[in-house]
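Asks: Enclosed is the structure file final25.csv (CSV, C-alpha atoms and all ligand atoms).
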```csv
chain,number,residue,atom,x,y,z
A,277,MET,CA,0.0,0.0,0.0
A,278,THR,CA,1.1,3.5,-0.7
A,279,GLN,CA,1.3,6.1,2.1
A,280,ASP,CA,-1.8,7.9,0.6
A,281,GLU,CA,-3.7,4.6,0.6
A,282,LEU,CA,-2.8,4.1,4.3
A,283,LYS,CA,-4.0,7.7,5.0
A,284,GLN,CA,-7.2,7.0,3.2
A,285,ALA,CA,-7.8,3.8,5.2
A,286,VAL,CA,-7.3,5.6,8.5
A,287,ALA,CA,-9.5,8.4,7.4
A,288,ARG,CA,-12.3,6.0,6.7
A,289,ALA,CA,-11.7,4.3,10.1
A,290,ALA,CA,-11.9,7.7,11.8
A,291,ARG,CA,-15.1,8.5,10.0
A,292,ASP,CA,-16.6,5.3,11.4
A,293,TYR,CA,-15.2,6.0,14.9
A,294,VAL,CA,-17.0,9.4,14.8
A,295,ALA,CA,-20.2,8.1,13.4
A,296,ASP,CA,-20.3,5.4,16.1
A,297,ARG,CA,-19.5,7.5,19.1
A,298,LEU,CA,-20.3,11.2,18.5
A,299,PRO,CA,-24.0,11.9,19.4
A,300,VAL,CA,-26.1,13.3,16.5
A,301,GLY,CA,-25.9,17.1,16.6
A,302,ALA,CA,-22.6,17.2,18.5
A,303,ILE,CA,-19.6,19.3,17.5
A,304,LEU,CA,-16.5,17.8,15.9
A,305,GLY,CA,-13.0,19.3,15.9
A,306,VAL,CA,-11.1,18.8,12.7
A,307,GLY,CA,-7.3,18.9,12.2
A,308,THR,CA,-5.0,20.0,9.5
A,309,GLY,CA,-2.8,18.2,7.0
A,310,SER,CA,-3.0,15.6,4.2
A,311,THR,CA,-4.4,12.9,6.5
A,312,ALA,CA,-6.9,15.3,8.0
A,313,ASN,CA,-7.9,16.3,4.4
A,314,PHE,CA,-8.8,12.7,3.6
A,315,PHE,CA,-10.8,12.6,6.8
A,316,ILE,CA,-12.7,15.8,5.8
A,317,ASP,CA,-13.6,14.1,2.5
A,318,GLN,CA,-14.9,11.1,4.4
A,319,ILE,CA,-17.1,13.1,6.9
A,320,ALA,CA,-18.8,14.7,4.0
A,321,THR,CA,-20.8,11.4,4.0
A,322,ILE,CA,-22.1,12.0,7.6
A,323,LYS,CA,-22.3,15.8,7.6
A,324,ASP,CA,-26.1,15.7,8.3
A,325,ARG,CA,-25.4,14.0,11.6
A,326,LEU,CA,-23.0,16.8,12.8
A,327,GLY,CA,-24.1,19.8,14.7
A,328,GLY,CA,-21.1,21.6,13.2
A,329,THR,CA,-17.3,21.5,13.1
A,330,VAL,CA,-14.5,23.6,14.4
A,331,ALA,CA,-11.5,23.9,12.1
A,332,SER,CA,-7.8,24.1,13.3
A,333,SER,CA,-6.7,26.2,10.3
A,334,GLU,CA,-8.0,28.4,7.5
A,335,ALA,CA,-7.2,25.6,5.0
A,336,THR,CA,-9.3,23.1,6.9
A,337,ALA,CA,-12.1,25.6,7.2
A,338,GLN,CA,-12.1,26.1,3.4
A,339,ARG,CA,-12.1,22.4,2.7
A,340,LEU,CA,-14.9,21.7,5.1
A,341,ALA,CA,-17.0,24.6,3.7
A,342,GLY,CA,-16.3,23.2,0.2
A,343,HIS,CA,-18.1,20.0,1.2
A,344,GLY,CA,-21.0,22.0,2.6
A,345,ILE,CA,-20.0,21.1,6.2
A,346,ARG,CA,-20.9,23.8,8.8
A,347,VAL,CA,-17.9,25.5,10.3
A,348,LEU,CA,-18.3,27.2,13.7
A,349,ASP,CA,-16.2,29.7,15.6
A,350,LEU,CA,-14.6,28.0,18.6
A,351,ASN,CA,-15.9,30.9,20.8
A,352,ASP,CA,-19.4,29.9,20.0
A,353,VAL,CA,-18.9,26.3,21.1
A,354,ASP,CA,-19.4,25.2,24.7
A,355,ALA,CA,-18.3,21.5,24.3
A,356,MET,CA,-16.7,19.3,21.7
A,357,GLY,CA,-16.8,15.6,21.9
A,358,ILE,CA,-14.1,14.5,19.6
A,359,TYR,CA,-11.1,16.2,17.8
A,360,VAL,CA,-9.5,14.2,14.9
A,361,ASP,CA,-6.1,15.2,13.6
A,362,GLY,CA,-2.9,13.8,12.2
A,363,ALA,CA,0.6,13.9,13.7
A,364,ASP,CA,4.2,14.1,12.5
A,365,GLU,CA,5.4,11.7,15.2
A,366,ILE,CA,3.7,9.9,18.1
A,367,ASP,CA,5.4,7.9,20.9
A,368,ALA,CA,4.2,5.0,23.0
A,369,GLY,CA,2.9,7.4,25.7
A,370,MET,CA,0.6,9.0,23.0
A,371,ALA,CA,2.7,12.3,23.0
A,372,MET,CA,3.0,13.8,19.6
A,373,ILE,CA,5.0,16.2,17.5
A,374,LYS,CA,2.6,18.3,15.4
A,375,GLY,CA,2.9,21.4,13.2
A,376,GLY,CA,4.4,20.1,10.1
A,377,GLY,CA,1.6,22.0,8.4
A,378,GLY,CA,2.2,25.1,10.5
A,379,ALA,CA,-1.2,24.9,12.3
A,380,LEU,CA,0.1,23.8,15.7
A,381,THR,CA,-1.3,26.7,17.8
A,382,ARG,CA,-4.9,26.4,16.6
A,383,GLU,CA,-4.6,22.6,16.7
A,384,LYS,CA,-3.5,22.8,20.3
A,385,ILE,CA,-6.4,25.2,21.2
A,386,VAL,CA,-9.0,23.0,19.6
A,387,ALA,CA,-7.5,19.9,21.1
A,388,ALA,CA,-7.7,21.5,24.6
A,389,VAL,CA,-11.5,21.9,24.2
A,390,ALA,CA,-12.2,18.4,23.0
A,391,ASP,CA,-13.1,15.5,25.3
A,392,THR,CA,-11.3,13.0,23.2
A,393,PHE,CA,-8.3,13.5,20.9
A,394,VAL,CA,-8.2,10.9,18.1
A,395,CYS,CA,-4.9,10.8,16.3
A,396,ILE,CA,-4.9,9.4,12.8
A,397,CYS,CA,-1.7,8.5,11.1
A,398,ASP,CA,0.2,5.8,9.2
A,399,ALA,CA,2.6,3.5,10.9
A,400,SER,CA,5.7,5.5,9.8
A,401,LYS,CA,4.7,8.2,12.3
A,402,ARG,CA,5.0,5.9,15.4
A,403,VAL,CA,8.5,6.2,17.0
A,404,PRO,CA,10.2,5.0,20.2
A,405,VAL,CA,11.7,8.5,20.9
A,406,MET,CA,10.5,11.7,19.2
A,407,GLY,CA,12.8,14.3,17.6
A,408,ARG,CA,13.8,13.0,14.3
A,409,PHE,CA,11.0,15.2,12.8
A,410,PRO,CA,12.1,18.8,13.5
A,411,LEU,CA,10.0,20.3,16.3
A,412,PRO,CA,7.9,23.3,15.1
A,413,VAL,CA,7.8,26.4,17.4
A,414,GLU,CA,5.5,29.3,16.5
A,415,VAL,CA,7.1,32.6,17.5
A,416,ILE,CA,6.1,36.3,17.5
A,417,PRO,CA,8.1,37.8,14.6
A,418,MET,CA,10.1,40.3,16.7
A,419,SER,CA,11.2,37.5,19.1
A,420,ARG,CA,12.6,35.2,16.3
A,421,ALA,CA,16.3,35.7,17.0
A,422,TYR,CA,16.0,35.7,20.8
A,423,VAL,CA,13.9,32.5,20.8
A,424,ALA,CA,16.4,30.9,18.4
A,425,ARG,CA,19.3,31.6,20.8
A,426,GLU,CA,17.3,30.1,23.7
A,427,LEU,CA,16.4,27.0,21.7
A,428,ILE,CA,20.2,26.5,20.9
A,429,ARG,CA,20.8,26.7,24.7
A,430,LEU,CA,18.3,23.8,25.0
A,431,GLY,CA,20.4,21.7,22.6
A,432,GLY,CA,18.4,22.3,19.4
A,433,LYS,CA,19.3,23.6,16.0
A,434,PRO,CA,16.4,26.0,15.0
A,435,VAL,CA,15.8,26.8,11.3
A,436,LEU,CA,13.4,29.4,10.2
A,437,ARG,CA,10.7,28.0,8.0
A,438,GLU,CA,11.2,30.2,4.9
A,439,GLY,CA,8.3,32.0,3.4
A,440,VAL,CA,5.8,30.8,6.0
A,441,VAL,CA,3.5,33.0,8.0
A,442,THR,CA,1.0,31.2,10.2
A,443,ASP,CA,-2.8,31.8,10.3
A,444,ASN,CA,-2.0,33.9,13.4
A,445,GLY,CA,0.6,36.1,11.6
A,446,ASN,CA,3.6,34.5,13.2
A,447,LEU,CA,6.8,32.7,12.2
A,448,ILE,CA,7.8,29.0,12.6
A,449,LEU,CA,11.2,27.8,13.8
A,450,ASP,CA,11.8,24.1,13.1
A,451,VAL,CA,14.1,22.7,15.8
A,452,HIS,CA,16.4,19.9,14.6
A,453,GLY,CA,18.6,17.6,16.6
A,454,LEU,CA,16.5,17.0,19.6
A,455,SER,CA,16.1,13.6,21.3
A,456,ILE,CA,12.9,14.1,23.2
A,457,THR,CA,12.9,11.8,26.2
A,458,ASP,CA,10.8,14.0,28.4
A,459,PRO,CA,8.1,15.4,26.0
A,460,ALA,CA,5.9,17.0,28.7
A,461,GLY,CA,8.9,18.7,30.4
A,462,LEU,CA,10.3,20.0,27.1
A,463,GLU,CA,6.8,21.2,26.0
A,464,SER,CA,6.6,23.4,29.2
A,465,ARG,CA,10.2,24.5,29.1
A,466,ILE,CA,9.9,25.8,25.5
A,467,ASN,CA,6.6,27.5,26.2
A,468,GLU,CA,8.3,29.4,29.0
A,469,ILE,CA,10.5,31.3,26.5
A,470,VAL,CA,9.2,34.8,26.0
A,471,GLY,CA,8.0,35.2,22.4
A,472,VAL,CA,7.0,31.6,21.9
A,473,VAL,CA,3.3,31.3,21.1
A,474,THR,CA,3.4,27.5,21.4
A,475,ASN,CA,5.4,24.6,20.4
A,476,GLY,CA,4.5,21.4,18.5
A,477,LEU,CA,4.8,19.0,21.4
A,478,PHE,CA,1.4,17.7,22.3
A,479,ALA,CA,2.4,15.8,25.5
A,480,ARG,CA,0.5,17.5,28.3
A,481,ARG,CA,-2.6,17.0,26.2
A,482,GLY,CA,-1.6,14.0,24.1
A,483,ALA,CA,-3.8,11.7,22.1
A,484,ASP,CA,-6.5,9.6,23.8
A,485,VAL,CA,-7.0,7.3,20.9
A,486,LEU,CA,-4.6,6.4,18.1
A,487,LEU,CA,-5.9,5.0,14.9
A,488,LEU,CA,-2.8,3.7,13.1
A,489,ALA,CA,-2.9,2.5,9.5
A,490,THR,CA,-0.7,-0.5,8.7
A,491,PRO,CA,-0.6,-2.7,5.6
A,492,ASP,CA,-2.5,-5.3,7.7
A,493,GLY,CA,-5.3,-2.9,8.7
A,494,VAL,CA,-6.0,0.0,11.0
A,495,GLN,CA,-5.0,-0.7,14.6
A,496,THR,CA,-6.6,1.1,17.6
A,497,PHE,CA,-4.6,2.2,20.7
A,498,LYS,CA,-5.9,3.9,23.8
A,499,ARG,CA,-4.1,5.9,26.4
B,501,LIG,C1,-0.4,20.2,10.8
B,501,LIG,C2,-0.1,19.0,11.5
B,501,LIG,C3,-0.4,17.7,10.8
B,501,LIG,O1,-1.3,17.0,11.6
B,501,LIG,C4,0.9,16.9,10.7
B,501,LIG,O2,1.8,17.7,10.0
B,501,LIG,C5,0.7,15.6,9.9
B,501,LIG,O3,0.4,16.0,8.6
B,501,LIG,P1,0.1,14.9,7.4
B,501,LIG,O4,-1.2,14.2,7.8
B,501,LIG,O5,0.1,15.7,6.2
B,501,LIG,O6,1.3,13.9,7.5
B,501,LIG,O7,0.2,19.0,12.7
B,501,LIG,O8,0.1,21.4,11.5
```
Kindly transcribe the structure held in the file into structure tokens.
Ligand code: 5RP
Replies:
Amino acid sequence: MTQDELKQAVARAARDYVADRLPVGAILGVGTGSTANFFIDQIATIKDRLGGTVASSEATAQRLAGHGIRVLDLNDVDAMGIYVDGADEIDAGMAMIKGGGGALTREKIVAAVADTFVCICDASKRVPVMGRFPLPVEVIPMSRAYVARELIRLGGKPVLREGVVTDNGNLILDVHGLSITDPAGLESRINEIVGVVTNGLFARRGADVLLLATPDGVQTFKR
């Protein structure tokens, strides 16, 4: 199977997961990226059961709207049963690196509201120790150089993501060379640096459920 076929398989499994567990009329959070895009295409088939969706990026909002799926402002939502999103890496403790698509801050906000975070990815994303994928850090533009120096002090090699401005008007530093043995500790430590909006470690609020696409089928893991 190709990686796209694996992503499509896990997107279908996530659609079934949502259809089975999310009460009719409830709100669904929707992530960003190529796997999330396949998921959006799948939920078009159950859109009449959804009370609405909250998008984690402008790109996702546009794709949802293109399918005629209702998109709500998070500020108008009191509760969200499920949030479905991909990941760049996920470890055995269900901590993730996210933000390869640059949407990490909105993803983290939507995930914070959801009762259940369902991570959807193919088996290549599951790793024993995270850090091979560069860790995205969203920064306020004027703090870029200062934050980069602080990230070097933490042992990383930050590289500015050229030509990218986030939906929030900020920049992204991709931090190479980290071996992340304490994801929750590093998440907090980086967020303490003045000028950091957030970083792509999702450890304090990790995934609750992992749907993992393998050539032998989609496997389900729970925290
Ligand atoms: C976007 C993300 C994505 O979930 C992550 O990059 C995975 O993307 P893909 O499904 O395309 O591999 O965090 O900010």
Asks: Which protein, DNA or RNA residues are at most 9 Å from (-11.2, 18.7, 3.2) in the file's coordinates when you count all atoms listed in the file, listed as a VMD selection string?
Replies: chain A and resid 308 310 312 to 320 335 to 343
Asks: Using all atoms listed in the file, find each residue with an atom at most 7 Å away from ligand LIG 501 (chain B) and format the answer as a ChimeraX atom specification.
Replies: /A:307-312,361-364,374-380,397
Asks: Please return as a PDB file with C-alpha atoms, keeping the file's coordinate frame every residue within 7 Å of (-15.4, 16.3, 20.5), taking into account all atoms listed in the file and the file's own coordinates.
Replies:
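Generated output (point14.pdb):
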```
ATOM      1  CA  ILE A 303     -19.600  19.300  17.500  1.00  0.00           C
ATOM      2  CA  LEU A 304     -16.500  17.800  15.900  1.00  0.00           C
ATOM      3  CA  GLY A 305     -13.000  19.300  15.900  1.00  0.00           C
ATOM      4  CA  MET A 356     -16.700  19.300  21.700  1.00  0.00           C
ATOM      5  CA  GLY A 357     -16.800  15.600  21.900  1.00  0.00           C
ATOM      6  CA  ILE A 358     -14.100  14.500  19.600  1.00  0.00           C
ATOM      7  CA  TYR A 359     -11.100  16.200  17.800  1.00  0.00           C
ATOM      8  CA  ALA A 390     -12.200  18.400  23.000  1.00  0.00           C
ATOM      9  CA  ASP A 391     -13.100  15.500  25.300  1.00  0.00           C
ATOM     10  CA  THR A 392     -11.300  13.000  23.200  1.00  0.00           C
TER      11      THR A 392
END
```
Asks: Where does region 298-358 of chain A meet region 432-445 of chain A within 10 Å, residue by residue, with the nearest atom pair and distance in Å to one decimal for each, counting all atoms listed in the file, listed by chain and rising number, as JSON lines?
Replies:
```
{"residue": "A:Ser332", "atom": "CA", "partner": "A:Asp443", "partner_atom": "CA", "distance": 9.7}
{"residue": "A:Ser333", "atom": "CA", "partner": "A:Asp443", "partner_atom": "CA", "distance": 6.8}
{"residue": "A:Glu334", "atom": "CA", "partner": "A:Asp443", "partner_atom": "CA", "distance": 6.8}
{"residue": "A:Ala335", "atom": "CA", "partner": "A:Asp443", "partner_atom": "CA", "distance": 9.3}
```
Asks: Considering all atoms listed in the file, give me a table of residues in region 293-403 of chain A that are at most 6 Å from region 484-498 of chain A, with the closest atom pair and distance in Å for each, as a tab-separated table.
Replies:
```
residue	atom	partner	partner_atom	distance
A:Thr392	CA	A:Asp484	CA	5.9
A:Phe393	CA	A:Asp484	CA	5.2
A:Val394	CA	A:Val485	CA	4.7
A:Cys395	CA	A:Leu486	CA	4.8
A:Ile396	CA	A:Leu487	CA	5.0
A:Cys397	CA	A:Leu488	CA	5.3
A:Asp398	CA	A:Ala489	CA	4.5
A:Ala399	CA	A:Thr490	CA	5.6
```
Asks: Could you tell me which of A:Arg346, A:Arg429, A:Arg297, A:Arg499 comes closest to Thr329 (chain A) if we count all atoms listed in the file?
Replies: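 Result for the nearest residue to Thr329 (chain A): A:Arg346.
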Asks: Skip Arg420 (chain A) itself and residues of its chain fewer than 4 positions away, then list as a ChimeraX atom specification all residues within 10 Å of it, counting all atoms listed in the file.
Replies: /A:414-416,424-425,436,446-449,471-472
Asks: Need the shell around Val470 (chain A): protein/DNA/RNA residues with any atom at most 9 Å away, counting only C-alpha atoms. Skip same-chain ones fewer than 3 positions apart. Format as a list in words?
Replies: Ser419, Tyr422, Val423, Asn467 and Val473 of chain A
Asks: For the atom pair CA of Ala483 (chain A) and CA of Ile366 (chain A), what is the interatomic distance in Å to one decimal place?
Replies: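 Separation between CA of Ala483 (chain A) and CA of Ile366 (chain A): 8.7 Å.
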Asks: How many Å lie between CA of Glu468 (chain A) and CA of Leu454 (chain A), rounded to one decimal?
Replies: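 A separation of 17.6 Å between them.
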Asks: Grab the CA of Asp296 (chain A) to CA of Ala388 (chain A) distance for me, in Å with one decimal place.
Replies: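 Computed distance, CA of Asp296 (chain A) to CA of Ala388 (chain A), equals 22.1 Å.
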Asks: Pick out the closest residue to Ala289 (chain A) from this set: A:Phe478, A:Asp458, A:Val360, A:Ile466. Count all atoms listed in the file.
Replies: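 That would be A:Val360, the residue with the smallest distance to Ala289 (chain A).
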Asks: Between A:Arg291, A:Arg402, A:Val347, A:Val300, which has the minimum distance to Thr321 (chain A) (counting all atoms listed in the file)?
Replies: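 Nearest candidate to Thr321 (chain A) out of A:Arg291, A:Arg402, A:Val347, A:Val300: A:Arg291.
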Asks: From the set A:Met370, A:Ser455, A:Val286, A:Ile322, which residue has the shortest atom-to-atom contact distance to Ala479 (chain A), counting all atoms listed in the file?
Replies: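 Checking each of A:Met370, A:Ser455, A:Val286, A:Ile322 against Ala479 (chain A), counting all atoms listed in the file, the winner is A:Met370.
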Asks: Using all atoms listed in the file for the distances, tell me which of A:Val353, A:Val405, A:Ala387, A:Ala290 is nearest to Ala368 (chain A).
Replies: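 Nearest to Ala368 (chain A): A:Val405.
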Asks: Select, from A:Ala302, A:Ala371, A:Leu326, A:Ala285, the residue with the minimum atom-to-atom distance to Ala355 (chain A), counting all atoms listed in the file.
Replies: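 Nearest to Ala355 (chain A): A:Ala302.
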